[in-house]
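Shown next: entry_27.txt, given as compact mmCIF, C-alpha atoms.
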# COMPACT_ATOMS: atom_id res chain seq x y z
CA MET A 243 -17.47 0.14 -26.62
CA GLY A 244 -15.76 3.51 -26.99
CA LEU A 245 -16.03 4.44 -23.31
CA LEU A 246 -14.87 1.00 -22.26
CA CYS A 247 -11.68 1.31 -24.29
CA LEU A 248 -10.85 4.50 -22.40
CA PHE A 249 -11.31 2.84 -19.02
CA PRO A 250 -7.71 1.58 -18.57
CA ALA A 251 -6.42 5.13 -19.02
CA CYS A 252 -8.85 6.42 -16.41
CA LEU A 253 -7.41 4.02 -13.86
CA ALA A 254 -3.97 5.56 -14.32
CA ALA A 255 -4.78 8.74 -12.42
CA GLN A 256 -1.94 10.65 -10.76
CA GLN A 257 0.91 8.59 -12.19
CA GLY A 258 0.23 8.53 -15.93
CA ASN A 259 -0.02 5.38 -17.98
CA GLU A 260 0.31 2.78 -15.21
CA VAL A 261 -1.35 -0.59 -14.83
CA PHE A 262 -2.07 -2.58 -11.63
CA ARG A 263 -2.27 0.65 -9.63
CA PHE A 264 -3.89 -1.21 -6.74
CA LEU A 265 -0.32 -2.16 -5.77
CA ARG A 266 0.10 1.39 -4.44
CA PHE A 267 -2.77 1.02 -1.95
CA PRO A 268 -2.06 0.26 1.73
CA THR A 269 -2.71 -3.33 2.80
CA SER A 270 -2.11 -2.90 6.52
CA ALA A 271 -4.53 -0.89 8.67
CA ARG A 272 -1.56 0.04 10.84
CA ALA A 273 0.31 1.42 7.84
CA GLY A 274 -2.91 3.09 6.72
CA ALA A 275 -3.12 4.95 10.03
CA LEU A 276 0.48 6.19 9.70
CA GLY A 277 0.00 7.92 6.37
CA GLY A 278 -0.68 4.86 4.21
CA HIS A 279 2.89 3.66 3.69
CA THR A 280 5.79 2.31 5.72
CA VAL A 281 8.82 0.14 4.96
CA SER A 282 10.40 0.30 8.42
CA LEU A 283 7.72 -0.58 11.00
CA VAL A 284 8.74 -3.82 12.77
CA GLU A 285 5.62 -5.45 14.22
CA ALA A 286 3.94 -8.86 14.20
CA ASP A 287 1.55 -7.70 11.48
CA PRO A 288 1.60 -10.02 8.44
CA ALA A 289 -0.01 -7.36 6.22
CA LEU A 290 3.17 -5.26 6.51
CA VAL A 291 4.92 -7.85 4.31
CA PHE A 292 3.11 -6.33 1.30
CA HIS A 293 4.82 -3.02 2.08
CA ASN A 294 8.33 -4.46 2.46
CA PRO A 295 9.21 -8.17 2.14
CA ALA A 296 12.07 -7.68 4.62
CA LEU A 297 9.52 -7.00 7.39
CA LEU A 298 8.63 -10.71 7.31
CA GLY A 299 10.26 -12.58 10.20
CA GLY A 300 10.04 -15.20 12.90
CA GLU A 301 7.81 -12.96 15.03
CA MET A 302 5.05 -13.71 12.48
CA ASN A 303 5.35 -17.50 12.64
CA GLY A 304 2.03 -19.21 11.90
CA MET A 305 -0.01 -16.05 11.40
CA VAL A 306 -2.86 -15.12 9.08
CA GLY A 307 -3.42 -11.51 8.11
CA LEU A 308 -6.66 -10.22 6.58
CA SER A 309 -7.53 -6.69 5.53
CA TYR A 310 -10.45 -4.95 3.87
CA MET A 311 -10.90 -1.34 2.77
CA ASN A 312 -14.07 0.34 1.59
CA TYR A 313 -12.42 2.70 -0.90
CA ILE A 314 -14.71 5.07 -2.84
CA GLY A 315 -17.74 4.70 -5.10
CA GLY A 316 -18.37 1.04 -4.34
CA ILE A 317 -14.71 0.06 -4.88
CA HIS A 318 -13.48 -2.63 -2.48
CA VAL A 319 -9.83 -3.44 -1.67
CA GLY A 320 -8.60 -6.43 0.32
CA SER A 321 -5.73 -8.78 1.06
CA ALA A 322 -4.94 -12.07 2.78
CA ILE A 323 -1.57 -13.53 3.77
CA TYR A 324 -0.17 -16.52 5.65
CA THR A 325 3.31 -16.52 7.18
CA ARG A 326 5.61 -19.27 8.47
CA THR A 327 9.19 -19.61 9.69
CA HIS A 328 11.75 -21.69 7.80
CA GLY A 329 14.71 -22.89 9.83
CA ASP A 330 16.42 -20.64 12.36
CA ARG A 331 16.75 -17.55 10.16
CA GLY A 332 14.25 -17.82 7.34
CA ALA A 333 10.53 -17.21 6.86
CA TRP A 334 8.10 -17.51 3.97
CA ALA A 335 4.65 -16.19 3.14
CA VAL A 336 1.97 -16.50 0.49
CA GLY A 337 -0.45 -13.66 -0.09
CA LEU A 338 -3.29 -12.40 -2.23
CA SER A 339 -4.31 -8.78 -2.81
CA TYR A 340 -7.19 -7.53 -4.91
CA ILE A 341 -9.39 -4.61 -5.88
CA ASN A 342 -12.95 -4.86 -7.18
CA TYR A 343 -14.25 -1.81 -9.03
CA GLY A 344 -17.85 -3.05 -8.98
CA SER A 345 -20.43 -2.91 -11.74
CA MET A 346 -20.43 -0.07 -14.29
CA LYS A 347 -22.60 0.95 -17.22
CA GLU A 348 -21.35 -0.03 -20.66
CA ALA A 349 -21.88 2.34 -23.61
CA ASP A 350 -20.73 2.78 -27.19
CA ALA A 351 -19.09 5.86 -28.72
CA GLN A 352 -22.55 7.45 -29.19
CA ARG A 353 -23.33 6.97 -25.48
CA ASN A 354 -25.93 4.30 -26.13
CA LEU A 355 -26.14 2.02 -23.10
CA SER A 356 -25.70 -1.67 -23.85
CA GLY A 357 -25.57 -3.19 -20.37
CA HIS A 358 -23.10 -3.39 -17.50
CA PHE A 359 -19.56 -4.64 -17.02
CA SER A 360 -17.25 -5.28 -14.07
CA ALA A 361 -13.56 -4.74 -13.46
CA SER A 362 -11.06 -6.10 -10.97
CA ASP A 363 -7.33 -6.54 -10.33
CA ALA A 364 -5.57 -9.23 -8.31
CA GLY A 365 -2.05 -10.20 -7.33
CA LEU A 366 -0.72 -13.49 -5.97
CA SER A 367 2.60 -13.23 -4.13
CA ALA A 368 5.23 -15.53 -2.63
CA THR A 369 7.72 -14.03 -0.17
CA TYR A 370 10.91 -15.26 1.45
CA SER A 371 13.02 -13.43 4.03
CA TYR A 372 16.29 -14.28 5.74
CA ASP A 373 18.04 -12.86 8.81
CA LEU A 374 21.42 -11.74 7.50
CA SER A 375 22.57 -10.91 11.05
CA ASP A 376 21.07 -10.04 14.42
CA ARG A 377 20.01 -6.65 13.05
CA TRP A 378 19.77 -7.01 9.27
CA ARG A 379 17.12 -8.91 7.31
CA GLY A 380 16.55 -9.24 3.57
CA GLY A 381 13.38 -10.20 1.74
CA LEU A 382 12.12 -10.92 -1.76
CA SER A 383 8.57 -11.18 -3.12
CA MET A 384 7.53 -12.55 -6.51
CA LYS A 385 4.09 -11.50 -7.77
CA VAL A 386 1.76 -12.72 -10.49
CA LEU A 387 -0.64 -9.93 -11.52
CA TYR A 388 -3.97 -10.15 -13.33
CA SER A 389 -6.50 -7.53 -14.37
CA ALA A 390 -9.90 -7.87 -16.06
CA ILE A 391 -12.15 -5.17 -17.54
CA ALA A 392 -15.24 -6.72 -19.15
CA GLU A 393 -13.86 -9.09 -21.82
CA TYR A 394 -10.43 -7.41 -21.76
CA SER A 395 -7.62 -8.71 -19.56
CA ALA A 396 -4.00 -8.00 -18.69
CA PHE A 397 -1.24 -10.09 -17.13
CA GLY A 398 2.08 -9.18 -15.54
CA LEU A 399 4.96 -10.31 -13.34
CA ALA A 400 6.67 -8.23 -10.68
CA ALA A 401 9.09 -8.48 -7.78
CA ASP A 402 9.72 -6.58 -4.54
CA ALA A 403 13.14 -6.59 -2.85
CA GLY A 404 13.80 -5.15 0.58
CA LEU A 405 16.21 -4.70 3.46
CA SER A 406 15.35 -4.07 7.10
CA TYR A 407 17.58 -2.95 9.97
CA PHE A 408 16.37 -3.18 13.58
CA ASP A 409 18.29 -2.06 16.66
CA GLU A 410 16.19 -3.12 19.65
CA GLU A 411 18.33 -1.29 22.20
CA ALA A 412 18.05 2.03 20.37
CA ASP A 413 14.40 1.38 19.39
CA LEU A 414 15.33 2.24 15.80
CA SER A 415 14.38 0.48 12.59
CA VAL A 416 15.23 1.37 9.00
CA GLY A 417 13.84 -0.15 5.84
CA ILE A 418 14.28 0.13 2.08
CA ALA A 419 12.17 -1.51 -0.61
CA LEU A 420 12.35 -1.67 -4.40
CA LYS A 421 8.72 -2.30 -5.32
CA ASN A 422 6.91 -3.59 -8.37
CA ILE A 423 9.92 -4.21 -10.59
CA GLY A 424 8.55 -6.06 -13.59
CA ALA A 425 6.48 -5.75 -16.73
CA GLN A 426 3.03 -6.11 -18.18
CA LEU A 427 3.33 -9.24 -20.34
CA LYS A 428 -0.18 -9.09 -21.79
CA ALA A 429 -2.00 -5.79 -22.32
CA TYR A 430 -5.69 -4.96 -22.62
CA ASP A 431 -5.00 -4.02 -26.25
CA SER A 432 -1.85 -3.34 -28.28
CA ARG A 433 -0.55 -0.71 -25.84
CA ARG A 434 1.42 -1.97 -22.87
CA SER A 435 1.61 0.10 -19.70
CA ARG A 436 4.29 0.37 -17.06
CA LEU A 437 3.97 -1.05 -13.56
CA PRO A 438 3.83 1.36 -10.59
CA TRP A 439 7.42 0.65 -9.62
CA ASP A 440 8.88 2.65 -6.78
CA ILE A 441 11.84 2.97 -4.42
CA GLN A 442 10.92 3.62 -0.78
CA LEU A 443 13.16 4.33 2.19
CA GLY A 444 12.12 5.04 5.76
CA PHE A 445 12.85 4.86 9.47
CA THR A 446 10.90 4.37 12.69
CA LYS A 447 12.25 5.72 16.00
CA ARG A 448 10.80 5.36 19.48
CA MET A 449 11.18 8.29 21.85
CA ALA A 450 13.64 7.71 24.70
CA HIS A 451 11.25 8.50 27.57
CA ALA A 452 7.78 8.11 26.07
CA PRO A 453 5.84 5.28 24.35
CA ILE A 454 5.69 7.30 21.13
CA ARG A 455 7.23 6.40 17.77
CA LEU A 456 7.91 8.58 14.75
CA SER A 457 7.89 7.05 11.27
CA VAL A 458 9.07 8.86 8.14
CA THR A 459 8.90 7.21 4.72
CA GLY A 460 10.36 8.52 1.48
CA MET A 461 8.40 7.52 -1.63
CA TYR A 462 8.73 7.95 -5.40
CA LEU A 463 12.50 8.01 -5.00
CA ASN A 464 12.87 6.87 -8.61
CA GLN A 465 11.79 10.36 -9.75
CA TRP A 466 11.97 13.93 -8.52
CA LYS A 467 9.42 16.24 -10.15
CA PHE A 468 5.70 15.56 -10.49
CA LYS A 469 4.67 17.26 -13.72
CA TYR A 470 0.92 16.84 -13.41
CA VAL A 471 -1.68 16.20 -10.74
CA ASP A 472 -3.13 13.72 -13.23
CA GLU A 473 -0.91 12.81 -16.17
CA THR A 474 -3.96 11.70 -18.19
CA LEU A 475 -5.22 15.33 -17.95
CA THR A 476 -2.07 17.22 -18.85
CA GLU A 477 -3.69 20.64 -18.69
CA ARG A 478 -3.61 20.34 -14.88
CA ASN A 479 0.14 20.79 -14.76
CA VAL A 480 1.91 21.84 -11.58
CA ASP A 481 5.08 23.82 -10.97
CA ASP A 482 6.02 22.96 -7.40
CA SER A 483 8.74 24.69 -5.47
CA PHE A 484 11.67 22.69 -4.11
CA VAL A 485 10.03 22.47 -0.68
CA ALA A 486 6.68 21.33 -2.11
CA THR A 487 8.36 18.75 -4.32
CA LEU A 488 10.35 17.39 -1.39
CA ALA A 489 7.23 17.22 0.78
CA LYS A 490 5.43 15.15 -1.87
CA HIS A 491 8.09 12.48 -1.45
CA LEU A 492 7.53 12.11 2.31
CA VAL A 493 4.93 10.40 4.52
CA PHE A 494 4.80 11.05 8.27
CA GLY A 495 3.32 8.91 11.02
CA VAL A 496 3.23 8.97 14.82
CA ASP A 497 1.90 6.13 16.95
CA PHE A 498 1.34 5.90 20.69
CA VAL A 499 2.13 2.41 22.04
CA PRO A 500 1.57 2.31 25.82
CA SER A 501 1.62 -1.52 25.85
CA ASN A 502 1.92 -4.54 23.58
CA ASN A 503 -1.87 -4.81 23.57
CA PHE A 504 -2.90 -1.37 22.30
CA TRP A 505 -1.82 1.35 19.90
CA VAL A 506 -3.23 4.50 18.33
CA GLY A 507 -1.68 6.42 15.45
CA VAL A 508 -2.02 9.39 13.13
CA GLY A 509 -0.37 10.15 9.83
CA TYR A 510 0.00 12.78 7.13
CA ASN A 511 0.69 12.34 3.41
CA PRO A 512 1.54 15.75 1.86
CA LYS A 513 1.24 14.56 -1.75
CA GLU A 514 -2.31 13.34 -1.23
CA ALA A 515 -3.18 16.57 0.55
CA MET A 516 -1.83 18.76 -2.26
CA ASP A 517 -3.19 16.61 -5.09
CA MET A 518 -6.71 16.64 -3.62
CA ARG A 519 -6.79 20.31 -2.62
CA LEU A 520 -9.87 22.01 -4.04
CA LYS A 521 -9.83 25.45 -5.64
CA ASP A 522 -12.14 26.85 -2.98
CA GLY A 523 -9.82 25.66 -0.23
CA GLY A 524 -11.96 22.68 0.71
CA ASN A 525 -10.92 19.14 1.68
CA ARG A 526 -8.87 20.25 4.66
CA LEU A 527 -8.64 16.66 5.93
CA GLY A 528 -7.04 15.43 2.72
CA GLY A 529 -3.78 13.61 3.41
CA PHE A 530 -4.54 12.96 7.07
CA SER A 531 -5.16 9.49 8.51
CA MET A 532 -5.71 7.90 11.89
CA GLY A 533 -6.27 4.50 13.43
CA ALA A 534 -6.05 2.22 16.44
CA GLY A 535 -5.47 -1.43 17.24
CA LEU A 536 -6.07 -3.91 20.04
CA HIS A 537 -4.46 -7.27 20.82
CA VAL A 538 -6.70 -9.85 22.53
CA SER A 539 -5.50 -13.42 23.03
CA ARG A 540 -4.55 -14.69 19.53
CA PHE A 541 -6.20 -11.82 17.69
CA ASP A 542 -4.99 -8.39 16.57
CA VAL A 543 -7.80 -6.11 15.47
CA SER A 544 -7.07 -2.75 13.88
CA ILE A 545 -8.94 0.01 12.06
CA SER A 546 -7.81 3.09 10.17
CA ALA A 547 -9.52 5.96 8.35
CA ALA A 548 -8.15 8.19 5.59
CA ARG A 549 -9.49 10.48 2.90
CA TYR A 550 -8.24 9.35 -0.53
CA HIS A 551 -10.86 11.41 -2.38
CA PRO A 552 -12.32 14.85 -1.54
CA SER A 553 -15.86 13.44 -1.35
CA ALA A 554 -15.40 10.31 0.76
CA MET A 555 -13.67 8.81 3.78
CA SER A 556 -12.18 5.32 3.40
CA LEU A 557 -12.17 2.83 6.26
CA MET A 558 -9.77 -0.10 6.53
CA LEU A 559 -10.18 -3.07 8.85
CA GLY A 560 -7.34 -5.43 9.70
CA LEU A 561 -7.31 -8.77 11.48
CA GLY A 562 -4.26 -10.75 12.51
CA ILE A 563 -4.72 -14.31 13.79
CA SER A 564 -2.00 -16.41 15.40
CA LEU A 565 -2.32 -20.14 14.64
CA ASN A 566 0.84 -21.00 16.52
CA ASP A 567 0.71 -22.13 20.16
CA ASP A 568 3.99 -20.28 20.75
CA ASN A 569 2.37 -16.92 19.87
CA PRO A 570 -0.40 -16.36 22.47

Give the structure from the file, written as structure tokens.
Amino acid sequence: MGLLCLFPACLAAQQGNEVFRFLRFPTSARAGALGGHTVSLVEADPALVFHNPALLGGEMNGMVGLSYMNYIGGIHVGSAIYTRTHGDRGAWAVGLSYINYGSMKEADAQRNLSGHFSASDAGLSATYSYDLSDRWRGGLSMKVLYSAIAEYSAFGLAADAGLSYFDEEADLSVGIALKNIGAQLKAYDSRRSRLPWDIQLGFTKRMAHAPIRLSVTGMYLNQWKFKYVDETLTERNVDDSFVATLAKHLVFGVDFVPSNNFWVGVGYNPKEAMDMRLKDGGNRLGGFSMGAGLHVSRFDVSISAARYHPSAMSLMLGLGISLNDDNP
């Protein structure tokens, strides 16, 4: 079981000894198209609630959001969420997100195969938001987290807290989210790992005379320097300049929204581009993403594509369904 015991550490790539890293993955195809992350995009997309609980609001009353991403190497990522209004100013949601790593070969320390094992992570969340004023909204999510690797398991609790500001006249929205604040209560073994907690701040601004919006999101605001590309392989250390370090904290997205029924977007994540850059200069599409969406009757269908690994392109599908007669 020697290789199996090393498996939790392998899952901590890029951010050191972290657990429940699936919480860093995009859950909205629209966010996936705009670089993978946003805390400020105000749309009737229930999946955006996973990115910032303050994005939950009355415009999502009676909606179901489903998403699925074919990650890499047979790894599947998905989410489901249901949203509902509460009174004149409140709204609540329940959601589930998961990642399935598939079936893998099991071996002992001498590399003798003994069968196969599977691994998966899941999170169950409950979210509540409240309109503090005509422009400000606050939100809070509580999450129960579970992970299983063969006969090993881990359990944790976390919370997301967010604020959202939306000025409809100026076509400007701003969001901030404190994400994954909590702890691993039960570890795979005697070593507990930290949660992928983060502070994110961003804005979305529509151009004055064109149906184009710019979104910029700041990530990893709870730290400055990134010491290693992969903190489990410390020989791959990096010594970024100030400009490169600043760029790794930013995600850029632009979407074209000619009507309420259609959108197309592109995004760029500099950290992913730099982390996945190959020595021979390959993987030129690393960090870039794109996507599009269509609204038909009660359905919102969206798709995005991004390269999260030099050898594969990941596709994400999103489906929003309105169950409320007031939301045609």

> Which residue gives the smallest distance to Tyr310 in chain A among A:Tyr550, A:Tyr340, A:Phe445, A:Trp505, with only C-alpha atoms counted?
Replying inline: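 Closest to Tyr310 in chain A, using only C-alpha atoms: A:Tyr340.
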
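Minimum distance to Gly278 in chain A across A:Leu536, A:Met461, A:Leu527, A:Ala403 (counting only C-alpha atoms) occurs at A:Met461.
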
> Quick one: residues within 12 Å of Ile314 in chain A, all atoms listed in the file counted, chain neighbours fewer than 6 positions away excluded, as a list in words?
Replying inline: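 Listed by chain and then number, they are Ile341, Asn342, Tyr343, Gly344, Ala548, Arg549, Tyr550, His551, Pro552, Ser553, Ala554, Met555, Ser556, Leu557 and Met558 of chain A.
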
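Closest approach to Tyr388 in chain A among A:Leu297, A:Leu414, A:Ala425, A:Leu276 is made by A:Ala425 (distances from only C-alpha atoms).
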
> How many Å separate CA of Asp497 in chain A from CA of Gln465 in chain A?
Replying inline: 28.8 Å

> Using only C-alpha atoms, which of the listed residues (A:Ala271, A:Leu355, A:Val319, A:Leu265) sits closest to Ile423 in chain A?
Replying inline: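 Closest to Ile423 in chain A, using only C-alpha atoms: A:Leu265.
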
> Can you list, as a PyMOL selection string, every protein, DNA or RNA residue that comes within 12 Å of Asn502 in chain A when you count only C-alpha atoms, leaving out same-chain residues fewer than 6 positions away?
Replying inline: chain A and resi 285-286+453+535-539+542

>> Could you tell me how far CA of Gly307 in chain A sits from CA of Gly365 in chain A, in Å to one decimal place?
In response: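 About the pair CA of Gly365 in chain A and CA of Gly307 in chain A: they are 15.6 Å apart.
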
> What is the distance between CA of Asp350 in chain A and CA of Tyr394 in chain A, in Å to one decimal?
Replying inline: 15.5 Å

Taking a cut-off of 7 Å and counting only C-alpha atoms, can you build a table that, for each residue of range 261-356 of chain A near range 437-440 of chain A, reports the nearest atom pair and how far apart they are in Å (one decimal), sorted by chain then residue number, as a tab-separated table?
residue	atom	partner	partner_atom	distance
A:Val261	CA	A:Leu437	CA	5.5
A:Phe262	CA	A:Leu437	CA	6.5
A:Arg263	CA	A:Pro438	CA	6.2

> Hey, what's within 12 Å of Asp330 in chain A if we count only C-alpha atoms and toss same-chain stuff fewer than 4 positions away? As a list in words, please?
Replying inline: Gly299, Gly300, Glu301, Asn303, Arg326, Ser371, Tyr372, Asp373, Leu374, Ser375 and Asp376 of chain A

>> With distances taken over all atoms listed in the file, which residue among A:Gly533, A:Ile454, A:Ala335, A:Thr487 lies nearest Val499 in chain A?
In response: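 Distance minimum relative to Val499 in chain A lands on A:Ile454.
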
>> Restricting the calculation to all atoms listed in the file: of A:Val508, A:Ala515, A:Val284, A:Ala390, which residue gets closest to Tyr430 in chain A?
In response: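 Using all atoms listed in the file, the shortest distance to Tyr430 in chain A belongs to A:Ala390.
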
>> At a cut-off of 10 Å, using all atoms listed in the file, what residues contact Ala486 in chain A? Leave out same-chain residues fewer than 2 positions from it and give the result as a ChimeraX atom specification.
In response: /A:467,481-484,488-491,512-513,516

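Excluding Leu338 in chain A itself and same-chain residues fewer than 6 positions from it, the residues having an atom within 7 Å of it are Ser321, Ala322, Ile323, Gly365, Leu366 and Ser367 of chain A, counting only C-alpha atoms.
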
> In file coordinates, which residues lie within 12 Å of (13.1, -13.4, -9.3) using all atoms listed in the file, given as a PyMOL selection string?
Replying inline: chain A and resi 367-370+381-386+399-403+422-424

If the box runs along x, y and z of the file and leaves 6 Å on each side of range 282-299 of chain A, what are its centre and edge lengths in Å, one decimal, as JSON?
{"center_x": 6.0, "center_y": -6.1, "center_z": 7.8, "size_x": 24.1, "size_y": 24.9, "size_z": 24.9}

Fill-in result for range 312-338 of chain A, N, CA and C atoms as a CSV table (one decimal), in the coordinates of the input:
chain,number,residue,atom,x,y,z
A,312,ASN,N,-13.0,-0.2,2.4
A,312,ASN,CA,-14.1,0.3,1.6
A,312,ASN,C,-13.5,1.6,1.0
A,313,TYR,N,-13.1,1.6,-0.3
A,313,TYR,CA,-12.4,2.7,-0.9
A,313,TYR,C,-13.4,3.8,-1.2
A,314,ILE,N,-13.8,4.0,-2.4
A,314,ILE,CA,-14.7,5.1,-2.8
A,314,ILE,C,-15.6,4.5,-3.9
A,315,GLY,N,-16.8,5.0,-4.0
A,315,GLY,CA,-17.7,4.7,-5.1
A,315,GLY,C,-18.0,3.2,-5.3
A,316,GLY,N,-18.1,2.5,-4.2
A,316,GLY,CA,-18.4,1.0,-4.3
A,316,GLY,C,-17.2,0.2,-4.7
A,317,ILE,N,-16.0,0.8,-4.6
A,317,ILE,CA,-14.7,0.1,-4.9
A,317,ILE,C,-14.2,-0.6,-3.6
A,318,HIS,N,-13.9,-1.9,-3.7
A,318,HIS,CA,-13.5,-2.6,-2.5
A,318,HIS,C,-12.1,-3.2,-2.7
A,319,VAL,N,-11.2,-3.0,-1.6
A,319,VAL,CA,-9.8,-3.4,-1.7
A,319,VAL,C,-9.6,-4.4,-0.5
A,320,GLY,N,-8.8,-5.5,-0.7
A,320,GLY,CA,-8.6,-6.4,0.3
A,320,GLY,C,-7.3,-7.2,0.1
A,321,SER,N,-6.9,-7.9,1.1
A,321,SER,CA,-5.7,-8.8,1.1
A,321,SER,C,-5.8,-9.9,2.1
A,322,ALA,N,-5.1,-10.9,1.8
A,322,ALA,CA,-4.9,-12.1,2.8
A,322,ALA,C,-3.5,-12.6,2.7
A,323,ILE,N,-2.9,-13.0,3.8
A,323,ILE,CA,-1.6,-13.5,3.8
A,323,ILE,C,-1.4,-14.5,4.9
A,324,TYR,N,-0.5,-15.5,4.6
A,324,TYR,CA,-0.2,-16.5,5.6
A,324,TYR,C,1.3,-16.6,5.7
A,325,THR,N,1.9,-16.6,7.0
A,325,THR,CA,3.3,-16.5,7.2
A,325,THR,C,3.8,-17.7,8.0
A,326,ARG,N,5.0,-18.1,7.8
A,326,ARG,CA,5.6,-19.3,8.5
A,326,ARG,C,7.1,-19.1,8.5
A,327,THR,N,7.7,-19.6,9.6
A,327,THR,CA,9.2,-19.6,9.7
A,327,THR,C,9.8,-20.8,8.9
A,328,HIS,N,11.0,-20.6,8.5
A,328,HIS,CA,11.8,-21.7,7.8
A,328,HIS,C,13.2,-21.8,8.4
A,329,GLY,N,13.4,-22.8,9.2
A,329,GLY,CA,14.7,-22.9,9.8
A,329,GLY,C,14.9,-21.9,10.9
A,330,ASP,N,16.1,-21.6,11.3
A,330,ASP,CA,16.4,-20.6,12.4
A,330,ASP,C,16.4,-19.2,11.9
A,331,ARG,N,16.6,-18.9,10.6
A,331,ARG,CA,16.8,-17.6,10.2
A,331,ARG,C,15.8,-17.2,9.1
A,332,GLY,N,15.1,-18.1,8.5
A,332,GLY,CA,14.2,-17.8,7.3
A,332,GLY,C,12.8,-17.8,7.7
A,333,ALA,N,12.0,-17.2,6.8
A,333,ALA,CA,10.5,-17.2,6.9
A,333,ALA,C,10.0,-17.1,5.5
A,334,TRP,N,8.8,-17.6,5.3
A,334,TRP,CA,8.1,-17.5,4.0
A,334,TRP,C,6.6,-17.1,4.2
A,335,ALA,N,6.0,-16.6,3.1
A,335,ALA,CA,4.6,-16.2,3.1
A,335,ALA,C,4.0,-16.3,1.8
A,336,VAL,N,2.7,-16.5,1.7
A,336,VAL,CA,2.0,-16.5,0.5
A,336,VAL,C,0.8,-15.5,0.7
A,337,GLY,N,0.6,-14.7,-0.3
A,337,GLY,CA,-0.4,-13.7,-0.1
A,337,GLY,C,-1.2,-13.4,-1.3
A,338,LEU,N,-2.4,-12.8,-1.1
A,338,LEU,CA,-3.3,-12.4,-2.2
A,338,LEU,C,-3.8,-11.0,-1.9
